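Here is the structure we will look at.
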Amino acid sequence: MVARRLRELRKRAGLTVTELAERCGWHHAKTSRVENARTAPSAQDIRAWCRVCEAADQADDIVAQSLNAESMYREWRRQVRGGLKKLQDSVVDFYRQTQLFRVYSSTLVPGMLQTEGYAASVLGYFAKPWGMTAEDVAEAAAARVARSRIIHEPGHRFVLLIEESVLRYRVAEPDVMAGQLGYLMTAGSLPAVSLGIIPMATPRRAQWPHETFHIHDDTMVAVETISAAVNITQPSEIALYLKAFEDLRSMAVYGAAARALIVRSIEALGRFSPTWRLSSVGGQGWLIRSRRYAMPLDNSTPGDGNVTSERTEWRHQMQNGLKPLQESLVELFGRTRLFRIYSSTLVPGLLQTEGYAAAVLNAVAEFRELPVKDVAEAAAARVKRSGVIHEPGHRFELLVEEAVLRCRIGDREVMAGQLDRLLTAGSSPAMSFGVIPMATPRQTQWPRETFHVYDDALVSVEAISAQVSITQPHEIALYLKAFDQLREMAVYGAEARALVEKAAEALG
């Protein structure tokens with residue numbers, strides 16, 4: 001990725017390989033080796049390269065990217081070699097060094113607020129692909145609980161945001177979920193903790209739900225995907241996550257309003273579990289009376305890794321505008337025979353109406369401070385591109401979480417039109433459209449980052465600051481397995497349409 005960025009700077013500056021080498025004071029063969037990723041450039045090399053290309057303002061970012069290339073993308077298969085407990089213990093010192101934790105989650109209760117039962121359930125899912133034992137899972141859950149006691153230690157602050165749907169996802173047995181929700185009732189009362197919840201009914205969101213991410217001070221962002229952990233240290237990328245976090249925080253509710261959302265989730269849970277009850281504790285908070293897991297309590301990681309999978313920052317992809325970015329995928333779509341798409345955040349682009357696409361792309365333009373002049377053209381290009389669903393020779397398997405139907409993108413009219421479009425989504429012979437209900441007991445997978453699988457050759461994951469393109473067969477295999485497990489939890493046909501209709505009714 002560093003090599004590609006440097007090559008792009010040279011070409012943009014209109015310099016040949018030889019001309020750049022002469023201005024930097026080295027042999028032209030070195031330029032070729034750097035651009036083909038055969039020689040790693042030093043920080044001094046990068047600064048000289050940027051200077052002669054009149055891009056000195058990008059030097060710090062590229063230096064940081066170069067220094068952290070090996071540690072940025074770390075596959076889980078390498079990190080779990082020593083067991084899950086060791087993985088939990090590996091970040092204890094890093095946590096102690098962090099003064100300000102900012103955590104946003106669209107998928108799970110943040111690790112620092114997980115009960116031991118909830119943590120054991122999550123780690124049990126995680127352990128299955130790696131052949132871990134039940135004993136290792138139990139030890140890892142206990143280690144996660146111990147690690148999260150940092151929230152009671154002086155010298156740290158925690159700003160935690162979750163989507164309301166996180167409260168509704170049944171990632172554990174009803175009794176375990178009851179204990180977890182009960183603990184969240186009092187979590188915001190801890191002196192160093194701010195807990196905000198973003199309601200599903202939030203109108204005209206400035207930010208749609210994103211991948212779960214952790215910001216440690218202002219120095220690192222950690223993102224966990226199905227196959228790897230991504231640690232981001234580039235200042236420009238961290239700035240995007242900080243900006244997104246502030247936008248998301250502005251949509252959250254706190255205190256009594258947050259507790260009301262938790263109570264509602266507890267009440268919904270009560271239809272499935274008669275073994276607990278919600279009770280007030282002296283007016284000071286709430287407690288779950290349950291047969292088990294009534295006590296509180298994390299989520300993060302590091303390892304060694306390869307960097308075969310490629311991250312491409314959006315700022316580089318959007319340099320020519322949003323419309324060319326939409327058109328750049330036409331060739332890939334044309335040659336793909338089987339599309340598998342799972343989304344926990346937005347209606348998949350292939351099914352978006354022009355109004356919904358325009359609302360999404362307008363939010364992108366505003367967030368990235370891009371000219372909005374081509375938003376309408378980009379939305380039209382996205383809809384045109386999705387015409388591939390009517391062309392012969394392609395099949396489409398699309399899955400969305402029910403929460404996607406409830407996330408209000410654009411105004412009421414835009415959302416109503418989008419939901420109406422989804423009512424006929426599964427009617428095409430080449431199209432399978434499934435919805436995973438929030439009330440589904442999740443036996444094998446919790447909600448994941450949105451991902452696209454093109455045939456069995458490429459997985460694309462879109463994060464806030466960059467797109468990750470995965471081509472390694474063993475990583476693709478993990479996504480395919482996850483997709484099949486998620487597919488088993490979905491409903492189709494009349495049941496899926498009923499969930500869409502229910503979301504439309506909730507629009508009012």
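Naming scheme: A, B, ... for chains in displayed order of the structure tokens; residues 1 onward per chain; ligands 1 onward as shown.
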Residues within 10 Å of Met132 in chain A, please, as a compact mmCIF listing (two decimals) with C-alpha atoms, in the first residue's frame. Count only C-alpha atoms; anything in the same chain fewer than 3 positions from it doesn't count.
```txt
# COMPACT_ATOMS: atom_id res chain seq x y z
CA VAL A 80 -4.86 -17.44 18.76
CA ARG A 81 -1.93 -19.84 18.54
CA GLY A 83 -4.90 -19.74 23.21
CA LEU A 84 -7.75 -17.32 23.89
CA LEU A 123 -15.72 -16.15 22.96
CA GLY A 124 -17.42 -19.49 22.40
CA PHE A 126 -14.94 -17.03 18.30
CA ALA A 127 -13.28 -20.26 19.47
CA LYS A 128 -15.15 -22.65 17.17
CA PRO A 129 -13.21 -22.01 13.92
CA GLU A 135 -11.91 -24.87 29.23
CA ASP A 136 -9.95 -22.35 27.17
CA VAL A 137 -13.15 -20.35 26.57
```
Can you check which parts of range 397-462 of chain A lie within 6 Å of range 484-490 of chain A? Per residue, the shortest pair of atoms and distance in Å to one decimal, counting only C-alpha atoms, sorted by chain and number, as JSON lines.
```
{"residue": "A:Gly434", "atom": "CA", "partner": "A:Ala490", "partner_atom": "CA", "distance": 5.3}
{"residue": "A:Val435", "atom": "CA", "partner": "A:Ala490", "partner_atom": "CA", "distance": 5.0}
{"residue": "A:Ile436", "atom": "CA", "partner": "A:Ala490", "partner_atom": "CA", "distance": 4.1}
```
Within 9 Å of Ser236 in chain A, counting only C-alpha atoms, which residues qualify if same-chain residues fewer than 4 places away don't, as a short mmCIF file (atom, residue, chain, number, x, y, z; two decimals) with all heavy atoms, in the first residue's frame?
```cif
data_model
loop_
_atom_site.label_atom_id
_atom_site.label_comp_id
_atom_site.auth_asym_id
_atom_site.auth_seq_id
_atom_site.Cartn_x
_atom_site.Cartn_y
_atom_site.Cartn_z
N ASP A 61 1.88 10.84 7.20
CA ASP A 61 0.94 9.71 7.07
C ASP A 61 1.62 8.49 6.46
O ASP A 61 1.45 7.36 6.94
CB ASP A 61 -0.25 10.11 6.19
CG ASP A 61 -1.42 10.58 7.02
OD1 ASP A 61 -1.27 10.65 8.25
OD2 ASP A 61 -2.48 10.86 6.44
N LEU A 240 -10.45 10.69 10.97
CA LEU A 240 -11.76 10.32 10.44
C LEU A 240 -12.58 9.56 11.48
O LEU A 240 -13.78 9.79 11.62
CB LEU A 240 -11.59 9.47 9.18
CG LEU A 240 -11.30 10.19 7.88
CD1 LEU A 240 -11.09 9.17 6.76
CD2 LEU A 240 -12.42 11.15 7.51
N SER A 465 -12.43 4.54 7.18
CA SER A 465 -11.33 5.24 6.51
C SER A 465 -10.80 4.55 5.27
O SER A 465 -10.08 5.15 4.48
CB SER A 465 -10.16 5.45 7.50
OG SER A 465 -9.63 4.20 7.90
#
```
- Would you kindly return, as number ranges by chain, each protein, DNA or RNA residue with an atom no farther than 9 Å from any atom of Ser265 in chain A, considering only C-alpha atoms and excluding same-chain residues fewer than 5 positions away? A: 164, 167-168, 181, 260, 270
- Message: Report as a list in words all protein, DNA and RNA residues lying within 12 Å of Ala48 in chain A, evaluated on only C-alpha atoms, omitting residues in the same chain fewer than 3 positions from it.
- Response: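 Selected residues are Leu6, Leu9, Arg10, Leu20, Ala21, Glu22, Arg23, Cys24, Gly25, Trp26, Thr31, Pro41, Ser42, Ala43, Gln44, Asp45, Arg51, Val52, Cys53, Glu54, Ala55, Ala56, Asp57, Gln58, Ala59, Asp60, Ile62 and Val63 of chain A.
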- Query: For Arg157 in chain A, which residue out of A:Tyr95, A:Tyr492, A:Tyr125, A:Tyr169 is the nearest one, using only C-alpha atoms?
  - Reply: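 Result for the nearest residue to Arg157 in chain A: A:Tyr95.
For the pair CA of Gly355 in chain A and CA of Asp411 in chain A, the separation is 9.5 Å.
From CA of Val253 in chain A back to CA of Gly196 in chain A, the distance works out to 5.4 Å.
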- Task: One decimal, Å: what's the distance from CA of Met251 in chain A over to CA of Ala363 in chain A, could you say?
- Result: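 Computing the Euclidean distance for CA of Met251 in chain A and CA of Ala363 in chain A yields 14.4 Å.
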- Contacts of Asn36 in chain A at 9 Å or less, counting only C-alpha atoms, minus same-chain residues fewer than 2 places along, as a list in words?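 The residues that qualify are Ala3, Arg4, Arg7, Thr31, Ser32, Arg33, Val34, Arg38 and Thr39 of chain A.
Once Leu100 in chain A and its same-chain neighbours fewer than 3 positions away are set aside, Gly155, His156, Arg157, Phe158, Val159, Ile215, His216, Asp217 and Asp218 of chain A remain within 9 Å of it when counting only C-alpha atoms.
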The selected residues should be written to file as an mmCIF file, in the first residue's frame (atoms: C-alpha atoms).
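What landed in out.cif:
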```
data_model
loop_
_atom_site.group_PDB
_atom_site.id
_atom_site.type_symbol
_atom_site.label_atom_id
_atom_site.label_comp_id
_atom_site.auth_asym_id
_atom_site.auth_seq_id
_atom_site.Cartn_x
_atom_site.Cartn_y
_atom_site.Cartn_z
ATOM 1 C CA GLY A 155 -6.435 7.695 35.586
ATOM 2 C CA HIS A 156 -8.749 6.382 32.850
ATOM 3 C CA ARG A 157 -11.918 7.663 31.162
ATOM 4 C CA PHE A 158 -14.343 5.660 29.039
ATOM 5 C CA VAL A 159 -16.739 7.089 26.456
ATOM 6 C CA ILE A 215 -9.962 4.510 19.813
ATOM 7 C CA HIS A 216 -7.112 4.462 22.318
ATOM 8 C CA ASP A 217 -6.288 8.064 23.254
ATOM 9 C CA ASP A 218 -5.671 9.755 19.887
#
```
- Task: Run DSSP on the backbone of this structure and report the residues of range 132-198 of chain A it assigns to alpha helix (DSSP H), as an NGL selection string.
- Result: :A and (134-147 or 164-168 or 174-187)
